[in-house]
Amino acid sequence: HDMSVEGHESAAGAEEASAESAPDSEAARHRDAAAAHRAAAAALRDAEARACVGLSDDDRDRSPFSRRDRIASVDELTEDIPSGRATRRRVAGATIVVRAEPGVTAEWLERVIACHLARNASLGHDVPEMSYCPLVPLGVSASVRSVGGGFAVDVRADGDDEAAEVLRRARALVAPDAAVPKA
């Protein structure tokens with residue numbers, strides 16, 4: 001979903017307006033397009049609601065990477081892509097190691113991250129207040145695993161440009177002059 005809930009609702013309204021002034025042969029097509037946009041908006045809202053149910057407002061609204069003191073390290077995440085008889089290595093995103101804290105489990109962190117991914121999709125991946133967060137770009141997925149003393153979060157992007165942006169944002173989390181909100 002590269003369009004936000006608001007974008008889908010706006011497009012639905014535009015399609016309805018076009019249906020009003022279109023000949024009958026085209027009006028049905030505009031109404032169908034409006035219905036598809038409304039369904040997409042509802043799907044985004046429902047996915048966010050399901051992913052974020054039971055989380056506090058703070059967990060829902062703040063990036064799980066907003067606390068720089070919890071970030072232990074950032075590494076390039078790569079994957080091998082078969083290319084004929086050879087294999088090409090591609091940057092797929094970043095692995096962010098988060099220090100463990102009392103009460104934080106891999107499952108809980110994965111749940112917070114799933115909420116953020118769904119919320120970012122609802123917002124159309126336009127989240128200026130989280131310009132530092134590697135979960136914001138379009139086409140991002142994440143998985144969490146326990147590692148000694150914390151959790152490794154693999155943030156993977158579909159495209160090369162998005163993967164480079166994920167890695168840039170992740171590296172900025174551990175940069176001494178990073179502009180990440182203080183907790």
# chains A, B, ... in the order shown; residues from 1 in each chain; ligands from 1

$ select_by_dssp --residues "chain A" --states "helix (DSSP H, G or I)" --output "PyMOL selection string"
chain A and resi 5-21+24-52+57-61+68-70+106-122+128-130+160-173

$ select_by_dssp --residues "chain A" --states "strand (DSSP E)" --output "CSV table (one decimal) with C-alpha atoms, in the first residue's frame"
chain,number,residue,atom,x,y,z
A,71,ILE,CA,20.5,0.5,20.2
A,72,ALA,CA,23.6,-1.7,20.7
A,73,SER,CA,24.7,-2.0,17.0
A,74,VAL,CA,23.7,-1.7,13.4
A,75,ASP,CA,24.9,-4.0,10.6
A,76,GLU,CA,24.2,-4.2,6.9
A,77,LEU,CA,21.7,-7.0,6.1
A,78,THR,CA,22.6,-8.8,2.9
A,79,GLU,CA,21.0,-11.6,0.9
A,80,ASP,CA,22.3,-13.7,-2.0
A,81,ILE,CA,20.4,-13.4,-5.3
A,82,PRO,CA,20.8,-16.2,-7.8
A,83,SER,CA,21.9,-14.7,-11.2
A,86,ALA,CA,26.5,-16.9,-10.3
A,87,THR,CA,25.1,-15.4,-7.1
A,88,ARG,CA,24.9,-11.7,-6.5
A,89,ARG,CA,25.0,-10.3,-3.0
A,90,ARG,CA,22.5,-7.4,-2.4
A,91,VAL,CA,22.0,-5.1,0.5
A,92,ALA,CA,18.5,-5.9,1.8
A,93,GLY,CA,18.3,-3.5,4.7
A,94,ALA,CA,19.8,-3.5,8.2
A,95,THR,CA,20.1,-5.6,11.3
A,96,ILE,CA,19.6,-3.5,14.4
A,97,VAL,CA,20.5,-5.0,17.8
A,98,VAL,CA,18.4,-3.6,20.6
A,99,ARG,CA,19.5,-4.1,24.2
A,140,VAL,CA,9.7,-2.8,4.6
A,141,SER,CA,9.3,-5.9,6.7
A,142,ALA,CA,10.9,-6.9,9.9
A,143,SER,CA,11.6,-9.9,12.1
A,144,VAL,CA,12.9,-10.2,15.6
A,145,ARG,CA,15.1,-12.8,17.2
A,146,SER,CA,16.8,-13.1,20.5
A,147,VAL,CA,20.6,-12.6,20.7
A,150,GLY,CA,19.1,-8.3,23.5
A,151,PHE,CA,17.2,-8.7,20.2
A,152,ALA,CA,18.3,-8.5,16.6
A,153,VAL,CA,15.7,-6.8,14.4
A,154,ASP,CA,16.2,-7.6,10.7
A,155,VAL,CA,14.6,-4.8,8.7
A,156,ARG,CA,14.3,-5.8,5.1
A,157,ALA,CA,13.2,-3.8,2.1

$ closest_residue --among "A:Val5, A:Leu135, A:Cys115, A:Ala175" --to "Arg60 of chain A" --atoms "only C-alpha atoms"
A:Cys115

$ residues_around --residues "Ala17 of chain A" --least-positions-apart "5" --cutoff "10 Å" --atoms "only C-alpha atoms" --output "count of residues only"
7
